[in-house]
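Asker: Here you go, this is run.pdb (PDB, C-alpha atoms, pLDDT in the B column).
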```pdb
ATOM      1  CA  MET A   1      25.642  85.135  73.581  1.00 49.00           C
ATOM      2  CA  ALA A   2      27.647  87.215  76.028  1.00 44.00           C
ATOM      3  CA  ASP A   3      27.828  84.307  78.479  1.00 49.00           C
ATOM      4  CA  GLU A   4      29.105  82.036  75.692  1.00 50.00           C
ATOM      5  CA  THR A   5      31.856  84.558  74.744  1.00 44.00           C
ATOM      6  CA  ILE A   6      32.967  84.962  78.373  1.00 44.00           C
ATOM      7  CA  GLY A   7      33.123  81.176  78.681  1.00 48.00           C
ATOM      8  CA  ARG A   8      35.397  80.902  75.647  1.00 48.00           C
ATOM      9  CA  VAL A   9      37.770  83.578  76.982  1.00 41.00           C
ATOM     10  CA  ARG A  10      38.052  81.783  80.310  1.00 50.00           C
ATOM     11  CA  THR A  11      38.749  78.501  78.510  1.00 46.00           C
ATOM     12  CA  LEU A  12      41.536  80.111  76.414  1.00 42.00           C
ATOM     13  CA  ARG A  13      43.146  81.618  79.524  1.00 44.00           C
ATOM     14  CA  LYS A  14      43.213  78.241  81.222  1.00 46.00           C
ATOM     15  CA  LEU A  15      44.704  76.565  78.147  1.00 42.00           C
ATOM     16  CA  HIS A  16      47.488  79.164  77.875  1.00 42.00           C
ATOM     17  CA  GLY A  17      48.234  79.302  81.572  1.00 44.00           C
ATOM     18  CA  ALA A  18      46.578  82.509  82.767  1.00 43.00           C
ATOM     19  CA  ASP A  19      45.459  83.109  86.334  1.00 44.00           C
ATOM     20  CA  SER A  20      42.253  84.824  87.410  1.00 42.00           C
ATOM     21  CA  SER A  21      43.867  88.260  87.103  1.00 41.00           C
ATOM     22  CA  GLY A  22      44.726  87.753  83.467  1.00 42.00           C
ATOM     23  CA  HIS A  23      48.560  87.370  83.996  1.00 39.00           C
ATOM     24  CA  PHE A  24      50.154  84.472  82.156  1.00 35.00           C
ATOM     25  CA  VAL A  25      51.937  81.981  84.415  1.00 38.00           C
ATOM     26  CA  GLY A  26      53.801  78.729  84.043  1.00 39.00           C
ATOM     27  CA  PRO A  27      52.289  75.280  84.516  1.00 39.00           C
ATOM     28  CA  GLU A  28      53.296  75.176  88.194  1.00 39.00           C
ATOM     29  CA  THR A  29      50.662  76.643  90.506  1.00 40.00           C
ATOM     30  CA  ASP A  30      53.273  78.428  92.689  1.00 42.00           C
ATOM     31  CA  ARG A  31      54.966  80.317  89.842  1.00 38.00           C
ATOM     32  CA  SER A  32      54.649  84.110  89.932  1.00 41.00           C
ATOM     33  CA  PRO A  33      53.119  85.970  86.980  1.00 41.00           C
ATOM     34  CA  CYS A  34      55.546  87.029  84.267  1.00 39.00           C
ATOM     35  CA  ARG A  35      56.851  90.607  84.481  1.00 38.00           C
ATOM     36  CA  ALA A  36      58.349  92.947  81.950  1.00 38.00           C
ATOM     37  CA  ALA A  37      62.077  92.249  81.420  1.00 35.00           C
ATOM     38  CA  SER A  38      64.401  94.653  83.191  1.00 35.00           C
ATOM     39  CA  ARG A  39      66.991  96.617  81.185  1.00 35.00           C
ATOM     40  CA  LEU A  40      70.285  94.756  80.830  1.00 32.00           C
ATOM     41  CA  SER A  41      73.294  96.312  82.523  1.00 33.00           C
ATOM     42  CA  CYS A  42      76.626  96.556  80.694  1.00 32.00           C
ATOM     43  CA  ASN A  43      79.857  95.547  82.432  1.00 31.00           C
ATOM     44  CA  CYS A  44      82.011  96.538  79.458  1.00 31.00           C
ATOM     45  CA  PRO A  45      84.965  98.875  80.221  1.00 32.00           C
ATOM     46  CA  MET A  46      83.608 101.542  77.913  1.00 29.00           C
ATOM     47  CA  THR A  47      85.535 104.474  79.359  1.00 33.00           C
ATOM     48  CA  ALA A  48      88.889 102.892  78.483  1.00 37.00           C
ATOM     49  CA  ASN A  49      88.298 103.388  74.759  1.00 39.00           C
ATOM     50  CA  GLN A  50      86.074 106.461  74.741  1.00 39.00           C
ATOM     51  CA  LYS A  51      87.461 109.894  74.102  1.00 44.00           C
ATOM     52  CA  HIS A  52      86.613 112.675  76.498  1.00 47.00           C
ATOM     53  CA  SER A  53      87.457 116.137  75.234  1.00 50.00           C
ATOM     54  CA  THR A  54      86.991 119.670  76.443  1.00 61.00           C
ATOM     55  CA  GLY A  55      88.215 121.165  73.176  1.00 73.00           C
ATOM     56  CA  ALA A  56      91.013 120.601  70.695  1.00 83.00           C
ATOM     57  CA  PRO A  57      94.440 122.149  71.382  1.00 92.00           C
ATOM     58  CA  LEU A  58      95.434 125.096  69.244  1.00 94.00           C
ATOM     59  CA  PRO A  59      97.842 124.247  66.393  1.00 95.00           C
ATOM     60  CA  GLY A  60     101.525 124.610  67.242  1.00 96.00           C
ATOM     61  CA  ARG A  61     104.403 122.863  68.967  1.00 97.00           C
ATOM     62  CA  TYR A  62     103.968 121.819  72.592  1.00 98.00           C
ATOM     63  CA  GLU A  63     106.708 120.836  75.022  1.00 98.00           C
ATOM     64  CA  ILE A  64     105.884 118.044  77.448  1.00 98.00           C
ATOM     65  CA  ASP A  65     106.056 119.289  81.039  1.00 98.00           C
ATOM     66  CA  THR A  66     108.093 116.440  82.520  1.00 97.00           C
ATOM     67  CA  SER A  67     107.447 117.583  86.095  1.00 97.00           C
ATOM     68  CA  ARG A  68     103.699 117.066  85.611  1.00 96.00           C
ATOM     69  CA  SER A  69     103.724 114.068  83.278  1.00 97.00           C
ATOM     70  CA  VAL A  70     104.193 110.404  84.119  1.00 95.00           C
ATOM     71  CA  ILE A  71     104.017 106.913  82.664  1.00 97.00           C
ATOM     72  CA  THR A  72     102.677 104.268  85.016  1.00 97.00           C
ATOM     73  CA  PHE A  73     102.322 100.560  84.364  1.00 94.00           C
ATOM     74  CA  ALA A  74     100.694  97.433  85.737  1.00 93.00           C
ATOM     75  CA  GLY A  75     101.846  93.850  85.300  1.00 88.00           C
ATOM     76  CA  ARG A  76     101.954  90.486  87.056  1.00 81.00           C
ATOM     77  CA  HIS A  77     104.667  88.665  89.018  1.00 70.00           C
ATOM     78  CA  LEU A  78     105.167  85.278  90.657  1.00 58.00           C
ATOM     79  CA  PHE A  79     103.550  83.196  87.915  1.00 55.00           C
ATOM     80  CA  GLY A  80     100.812  85.790  87.492  1.00 53.00           C
ATOM     81  CA  LEU A  81      99.635  85.608  91.097  1.00 65.00           C
ATOM     82  CA  LEU A  82     100.747  89.039  92.292  1.00 79.00           C
ATOM     83  CA  PRO A  83     100.132  92.453  90.732  1.00 88.00           C
ATOM     84  CA  VAL A  84     103.066  94.772  90.123  1.00 90.00           C
ATOM     85  CA  ARG A  85     102.667  98.512  89.617  1.00 94.00           C
ATOM     86  CA  GLY A  86     105.291 101.118  88.926  1.00 94.00           C
ATOM     87  CA  SER A  87     106.319 104.121  86.879  1.00 97.00           C
ATOM     88  CA  PHE A  88     108.786 105.592  84.399  1.00 97.00           C
ATOM     89  CA  ARG A  89     109.965 109.195  84.241  1.00 97.00           C
ATOM     90  CA  ILE A  90     109.682 111.100  80.970  1.00 97.00           C
ATOM     91  CA  ARG A  91     112.939 112.807  80.016  1.00 97.00           C
ATOM     92  CA  ASN A  92     111.618 115.049  77.246  1.00 97.00           C
ATOM     93  CA  GLY A  93     109.116 115.191  74.423  1.00 98.00           C
ATOM     94  CA  THR A  94     107.173 117.310  71.992  1.00 98.00           C
ATOM     95  CA  VAL A  95     103.715 117.251  70.455  1.00 98.00           C
ATOM     96  CA  ASP A  96     103.161 119.042  67.145  1.00 98.00           C
ATOM     97  CA  VAL A  97      99.463 119.787  66.807  1.00 96.00           C
ATOM     98  CA  ALA A  98      98.193 120.349  63.274  1.00 96.00           C
ATOM     99  CA  ALA A  99      94.833 121.668  62.165  1.00 93.00           C
ATOM    100  CA  GLU A 100      93.920 118.104  61.149  1.00 93.00           C
ATOM    101  CA  ALA A 101      94.849 115.164  63.420  1.00 93.00           C
ATOM    102  CA  PRO A 102      96.796 113.133  60.781  1.00 94.00           C
ATOM    103  CA  GLY A 103      99.224 116.025  60.362  1.00 96.00           C
ATOM    104  CA  SER A 104     100.169 115.986  64.057  1.00 97.00           C
ATOM    105  CA  ALA A 105     103.219 114.264  65.541  1.00 98.00           C
ATOM    106  CA  VAL A 106     104.345 112.997  68.945  1.00 98.00           C
ATOM    107  CA  ARG A 107     107.888 112.305  70.156  1.00 98.00           C
ATOM    108  CA  VAL A 108     108.761 111.134  73.667  1.00 98.00           C
ATOM    109  CA  GLU A 109     111.962 109.980  75.366  1.00 98.00           C
ATOM    110  CA  VAL A 110     111.771 108.033  78.633  1.00 98.00           C
ATOM    111  CA  ASP A 111     114.543 107.471  81.158  1.00 98.00           C
ATOM    112  CA  ALA A 112     114.900 103.657  81.382  1.00 97.00           C
ATOM    113  CA  GLU A 113     116.843 103.965  84.626  1.00 97.00           C
ATOM    114  CA  SER A 114     113.779 105.563  86.232  1.00 97.00           C
ATOM    115  CA  PHE A 115     111.940 102.197  86.340  1.00 96.00           C
ATOM    116  CA  HIS A 116     110.436 102.132  89.818  1.00 96.00           C
ATOM    117  CA  THR A 117     108.075  99.749  91.627  1.00 94.00           C
ATOM    118  CA  GLY A 118     109.021 100.471  95.237  1.00 93.00           C
ATOM    119  CA  ASN A 119     110.901  97.161  95.578  1.00 92.00           C
ATOM    120  CA  GLU A 120     114.617  97.975  95.414  1.00 95.00           C
ATOM    121  CA  ARG A 121     115.728  94.414  94.694  1.00 93.00           C
ATOM    122  CA  ARG A 122     113.228  94.013  91.866  1.00 91.00           C
ATOM    123  CA  ASP A 123     114.002  97.445  90.409  1.00 95.00           C
ATOM    124  CA  THR A 124     117.748  96.730  90.361  1.00 96.00           C
ATOM    125  CA  ASP A 125     117.127  93.392  88.665  1.00 93.00           C
ATOM    126  CA  VAL A 126     114.890  94.902  85.979  1.00 93.00           C
ATOM    127  CA  ARG A 127     117.448  97.610  85.219  1.00 96.00           C
ATOM    128  CA  SER A 128     120.174  94.981  84.809  1.00 96.00           C
ATOM    129  CA  ALA A 129     121.262  93.267  81.588  1.00 95.00           C
ATOM    130  CA  ARG A 130     118.707  90.495  82.240  1.00 92.00           C
ATOM    131  CA  PHE A 131     115.860  92.849  81.419  1.00 93.00           C
ATOM    132  CA  LEU A 132     116.082  96.521  80.354  1.00 95.00           C
ATOM    133  CA  ASP A 133     119.897  96.656  80.297  1.00 96.00           C
ATOM    134  CA  THR A 134     119.831 100.368  81.058  1.00 97.00           C
ATOM    135  CA  GLY A 135     123.638 100.574  80.947  1.00 97.00           C
ATOM    136  CA  ARG A 136     123.529  99.922  77.188  1.00 97.00           C
ATOM    137  CA  PHE A 137     120.080 101.324  76.458  1.00 97.00           C
ATOM    138  CA  PRO A 138     119.445 104.301  78.758  1.00 97.00           C
ATOM    139  CA  LEU A 139     116.440 105.563  76.793  1.00 97.00           C
ATOM    140  CA  LEU A 140     113.062 104.284  75.719  1.00 97.00           C
ATOM    141  CA  SER A 141     111.622 106.302  72.859  1.00 98.00           C
ATOM    142  CA  PHE A 142     108.344 106.674  71.004  1.00 98.00           C
ATOM    143  CA  GLU A 143     107.748 108.412  67.674  1.00 98.00           C
ATOM    144  CA  SER A 144     104.301 108.617  66.159  1.00 98.00           C
ATOM    145  CA  GLU A 145     103.547 107.419  62.649  1.00 98.00           C
ATOM    146  CA  LEU A 146      99.844 108.215  62.491  1.00 97.00           C
ATOM    147  CA  VAL A 147      97.773 110.405  64.795  1.00 96.00           C
ATOM    148  CA  GLY A 148      94.029 109.804  64.743  1.00 94.00           C
ATOM    149  CA  GLU A 149      91.090 111.149  66.689  1.00 90.00           C
ATOM    150  CA  THR A 150      91.280 108.473  69.403  1.00 94.00           C
ATOM    151  CA  THR A 151      94.529 106.585  68.684  1.00 97.00           C
ATOM    152  CA  VAL A 152      98.196 107.297  68.113  1.00 98.00           C
ATOM    153  CA  THR A 153     100.158 104.634  66.224  1.00 98.00           C
ATOM    154  CA  GLY A 154     103.922 104.769  66.404  1.00 98.00           C
ATOM    155  CA  ALA A 155     107.286 103.109  66.891  1.00 98.00           C
ATOM    156  CA  LEU A 156     108.429 102.216  70.412  1.00 98.00           C
ATOM    157  CA  THR A 157     112.141 101.513  70.797  1.00 98.00           C
ATOM    158  CA  ALA A 158     113.351  99.591  73.857  1.00 97.00           C
ATOM    159  CA  CYS A 159     116.550  97.605  74.399  1.00 96.00           C
ATOM    160  CA  GLY A 160     117.649  98.456  70.863  1.00 95.00           C
ATOM    161  CA  THR A 161     114.524  96.930  69.292  1.00 97.00           C
ATOM    162  CA  THR A 162     111.721  98.868  67.611  1.00 98.00           C
ATOM    163  CA  ARG A 163     108.138  97.666  67.409  1.00 97.00           C
ATOM    164  CA  ARG A 164     104.872  99.343  66.466  1.00 97.00           C
ATOM    165  CA  ILE A 165     102.335  99.991  69.240  1.00 97.00           C
ATOM    166  CA  VAL A 166      98.984 101.771  69.418  1.00 97.00           C
ATOM    167  CA  LEU A 167      98.078 104.275  72.112  1.00 98.00           C
ATOM    168  CA  SER A 168      94.370 104.601  72.876  1.00 97.00           C
ATOM    169  CA  VAL A 169      93.547 108.170  73.883  1.00 95.00           C
ATOM    170  CA  GLY A 170      91.006 108.179  76.698  1.00 92.00           C
ATOM    171  CA  GLU A 171      90.838 111.848  77.674  1.00 91.00           C
ATOM    172  CA  LEU A 172      91.954 115.176  76.257  1.00 93.00           C
ATOM    173  CA  ASP A 173      91.542 118.360  78.283  1.00 94.00           C
ATOM    174  CA  ALA A 174      92.686 121.478  76.442  1.00 94.00           C
ATOM    175  CA  LEU A 175      93.020 125.097  77.473  1.00 91.00           C
ATOM    176  CA  ARG A 176      94.378 127.909  75.327  1.00 86.00           C
ATOM    177  CA  ASP A 177      98.110 127.117  75.592  1.00 94.00           C
ATOM    178  CA  THR A 178      98.175 123.801  77.452  1.00 96.00           C
ATOM    179  CA  PHE A 179      96.546 120.404  77.268  1.00 97.00           C
ATOM    180  CA  THR A 180      96.506 117.195  79.274  1.00 97.00           C
ATOM    181  CA  ALA A 181      96.138 113.862  77.509  1.00 96.00           C
ATOM    182  CA  ARG A 182      95.646 110.415  78.993  1.00 97.00           C
ATOM    183  CA  ALA A 183      96.249 107.261  77.007  1.00 97.00           C
ATOM    184  CA  THR A 184      96.785 103.519  77.443  1.00 97.00           C
ATOM    185  CA  ALA A 185      98.739 100.809  75.622  1.00 97.00           C
ATOM    186  CA  ARG A 186      99.618  97.146  76.093  1.00 96.00           C
ATOM    187  CA  VAL A 187     103.214  96.042  75.512  1.00 95.00           C
ATOM    188  CA  ASP A 188     104.611  92.522  75.136  1.00 94.00           C
ATOM    189  CA  ARG A 189     108.138  92.652  76.566  1.00 91.00           C
ATOM    190  CA  THR A 190     109.238  89.521  74.680  1.00 93.00           C
ATOM    191  CA  GLU A 191     108.783  91.376  71.377  1.00 95.00           C
ATOM    192  CA  PHE A 192     111.664  93.630  72.482  1.00 95.00           C
ATOM    193  CA  GLY A 193     113.962  90.716  73.350  1.00 93.00           C
ATOM    194  CA  VAL A 194     113.278  90.924  77.086  1.00 91.00           C
ATOM    195  CA  THR A 195     112.701  87.212  77.711  1.00 88.00           C
ATOM    196  CA  ALA A 196     114.232  86.565  81.160  1.00 87.00           C
ATOM    197  CA  ALA A 197     112.171  84.915  83.909  1.00 80.00           C
ATOM    198  CA  ARG A 198     109.489  83.524  81.596  1.00 75.00           C
ATOM    199  CA  GLY A 199     106.439  82.588  83.619  1.00 68.00           C
ATOM    200  CA  LEU A 200     107.778  84.052  86.849  1.00 76.00           C
ATOM    201  CA  ALA A 201     107.679  87.645  85.592  1.00 80.00           C
ATOM    202  CA  GLY A 202     104.715  88.902  83.610  1.00 81.00           C
ATOM    203  CA  ARG A 203     104.996  89.026  79.840  1.00 86.00           C
ATOM    204  CA  HIS A 204     102.739  92.046  79.302  1.00 89.00           C
ATOM    205  CA  LEU A 205     102.757  95.555  80.694  1.00 91.00           C
ATOM    206  CA  ASN A 206      99.662  97.742  80.631  1.00 95.00           C
ATOM    207  CA  LEU A 207     100.877 101.306  80.228  1.00 96.00           C
ATOM    208  CA  MET A 208      98.983 104.391  81.381  1.00 97.00           C
ATOM    209  CA  LEU A 209     100.258 107.770  80.202  1.00 97.00           C
ATOM    210  CA  GLU A 210      99.330 111.162  81.558  1.00 97.00           C
ATOM    211  CA  ILE A 211     100.942 113.935  79.546  1.00 97.00           C
ATOM    212  CA  ARG A 212     100.747 117.655  80.193  1.00 98.00           C
ATOM    213  CA  ALA A 213     102.067 119.820  77.366  1.00 98.00           C
ATOM    214  CA  VAL A 214     102.679 123.560  77.097  1.00 98.00           C
ATOM    215  CA  ARG A 215     102.558 125.453  73.804  1.00 96.00           C
ATOM    216  CA  GLU A 216     105.761 127.160  72.722  1.00 92.00           C
ATOM    217  CA  THR A 217     105.305 130.896  72.313  1.00 77.00           C
ATOM    218  CA  THR A 218     107.575 130.947  69.248  1.00 58.00           C
ATOM    219  CA  HIS A 219     104.986 128.797  67.475  1.00 48.00           C
ATOM    220  CA  ALA A 220     101.969 130.800  68.612  1.00 47.00           C
TER     221      ALA A 220
END
```
Now that the file is in, can you turn its structure into structure tokens?

Answerer:
Amino acid sequence: MADETIGRVRTLRKLHGADSSGHFVGPETDRSPCRAASRLSCNCPMTANQKHSTGAPLPGRYEIDTSRSVITFAGRHLFGLLPVRGSFRIRNGTVDVAAEAPGSAVRVEVDAESFHTGNERRDTDVRSARFLDTGRFPLLSFESELVGETTVTGALTACGTTRRIVLSVGELDALRDTFTARATARVDRTEFGVTAARGLAGRHLNLMLEIRAVRETTHA
């Protein structure tokens, strides 16, 4: 009886493609035994949309430290073939921190003339009336409409045109009377009437903000 049972097991293994060791294999004789599937790796840019926090800022009004804050950007040039990176200088700004995030507010003014990529010819052209027209519109401004836990929605005004954008907050590092926040946003320049050099100059700018703010003692 035992010999008959062993014979049936061997027959089933052969029918289902098992080798002498009991591993299941494919119909080809040179195929290796199947192994447990490895864990899939994720190539998603998770950190771009995740919030990192070392504590919430204390409620109160904070002044943006313009000497330690910057707005950088990345775009494309020459029909999208070449990357372009540069920066803007923040002129002034405030952050009103409430006990609950929706009660907070952000206001920032940026010096349009400070557009800088390291290429003098390009920078002069972008500041001209063809693009930013800094002679007529010396400031870029942002005022928040809704502050959330990981996003800030607000109105960006550039070249006399106002459009709504969303800032994604990636990191927030807070001490007692200061905090540093990092955020990103994507801006379509054509929505602000900046349509020169279509195709040659990139349509979108990816903005990266690093803001350091200091709490006003009068609001402590």

Asker: So that I can see what lies close to A:Ile211, please list as a PyMOL selection string the residues with an atom at most 10 Å from it, counting only C-alpha atoms and leaving out residues fewer than 2 positions away in the same chain.

Answerer: chain A and resi 64-71+90+93+172+179-183+208-209+213

Asker: Could you work out an axis-aligned bounding box for all listed atoms of stretch 116-132 of chain A, with 6 Å added on each of the six sides, and give its centre and edge lengths in Å to one decimal, as lines of an AutoDock Vina configuration file?

Answerer:
```
center_x = 114.7
center_y = 96.3
center_z = 88.0
size_x = 25.2
size_y = 23.6
size_z = 27.2
```

Asker: Using all atoms listed in the file, which of the listed residues (A:Arg212, A:Gly135, A:Ser87, A:Ser144) sits closest to A:Ala174?

Answerer: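 Of A:Arg212, A:Gly135, A:Ser87, A:Ser144, the one nearest A:Ala174 is A:Arg212, counting all atoms listed in the file.
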
Asker: May I have the residues within 7 Å of A:Leu205 as a list in words, using all atoms listed in the file and disregarding those fewer than 2 positions away in the same chain?

Answerer: Phe73, Ala74, Gly75, Arg186, Val187, Asp188, Arg203 and Leu207 of chain A

Asker: Output C-alpha atoms for every residue in that selection, as a PDB file, in the frame of the given file.

Answerer:
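The new file part33.pdb reads:
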```
ATOM      1  CA  PHE A  73     102.322 100.560  84.364  1.00 94.00           C
ATOM      2  CA  ALA A  74     100.694  97.433  85.737  1.00 93.00           C
ATOM      3  CA  GLY A  75     101.846  93.850  85.300  1.00 88.00           C
ATOM      4  CA  ARG A 186      99.618  97.146  76.093  1.00 96.00           C
ATOM      5  CA  VAL A 187     103.214  96.042  75.512  1.00 95.00           C
ATOM      6  CA  ASP A 188     104.611  92.522  75.136  1.00 94.00           C
ATOM      7  CA  ARG A 203     104.996  89.026  79.840  1.00 86.00           C
ATOM      8  CA  LEU A 207     100.877 101.306  80.228  1.00 96.00           C
TER       9      LEU A 207
END
```

Asker: Looking at all atoms listed in the file, which of A:Gly148, A:Gly202, A:Gly193, A:Gly86 is the one that sits closest to A:Glu120?

Answerer: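 Residue with the minimum atom-to-atom distance to A:Glu120: A:Gly86.
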
Asker: Please determine, counting all atoms listed in the file, which residue among A:Ala197, A:Leu140, A:Thr124, A:Thr72 has the shortest atom-to-atom distance to A:Ala185.

Answerer: A:Thr72

Asker: Measuring atom to atom with all atoms listed in the file, identify which of A:Asp177, A:Glu143, A:Asp111, A:Glu149 is nearest to A:Ile165.

Answerer: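 Selected residue with least distance to A:Ile165: A:Glu143.
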
Asker: Apply the PyMOL selection byres ((chain A and resi 131) around 9) to the structure shown and report the selected residues as number ranges by chain.

Answerer: A: 125-130, 132-134, 159, 193-196

Asker: In Å, with one decimal, what is the gap from atom CA of A:Val166 to atom CA of A:Arg136?

Answerer: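 Value for the atom CA of A:Val166-atom CA of A:Arg136 distance: 25.8 Å.
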
Asker: Name every residue that the PyMOL selection byres ((chain A and resi 152-154) around 9) selects in this structure, writing the answer as a list of chain:residue names with chains first and numbers rising.

Answerer: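 This file, filtered by the PyMOL selection byres ((chain A and resi 152-154) around 9), leaves A:Ala105, A:Val106, A:Phe142, A:Glu143, A:Ser144, A:Glu145, A:Leu146, A:Val147, A:Gly148, A:Glu149, A:Thr150, A:Thr151, A:Ala155, A:Leu156, A:Arg163, A:Arg164, A:Ile165, A:Val166, A:Leu167, A:Ser168, A:Val169.
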
Asker: Mind pulling up the distance from atom CA of A:Leu200 to atom CA of A:Phe88?

Answerer: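 Separating atom CA of A:Phe88 from atom CA of A:Leu200 is a distance of 21.7 Å.
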
Asker: What gap, in Å, lies between atom CA of A:Arg89 and atom CA of A:Gly118?

Answerer: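 Between atom CA of A:Arg89 and atom CA of A:Gly118 the gap is 14.1 Å.
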
Asker: List as a ChimeraX atom specification the protein and nucleic acid residues near A:Leu139, meaning an atom at most 9 Å away when only C-alpha atoms are counted, but skip any in the same chain fewer than 2 places from it.

Answerer: /A:91,109-113,134,137,141,157-159

Asker: Hey, what comes out of the PyMOL selection byres ((chain A and resi 59) around 6) on this file? Could you write it as a ChimeraX atom specification?

Answerer: /A:58,60,97-99

Asker: Print the selection's residues with C-alpha atoms to a file, as a compact mmCIF listing (two decimals), in the frame of the given file.

Answerer:
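Printed below is part-v7.txt as written:
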```
# COMPACT_ATOMS: atom_id res chain seq x y z
CA LEU A 58 95.43 125.10 69.24
CA GLY A 60 101.52 124.61 67.24
CA VAL A 97 99.46 119.79 66.81
CA ALA A 98 98.19 120.35 63.27
CA ALA A 99 94.83 121.67 62.16
```
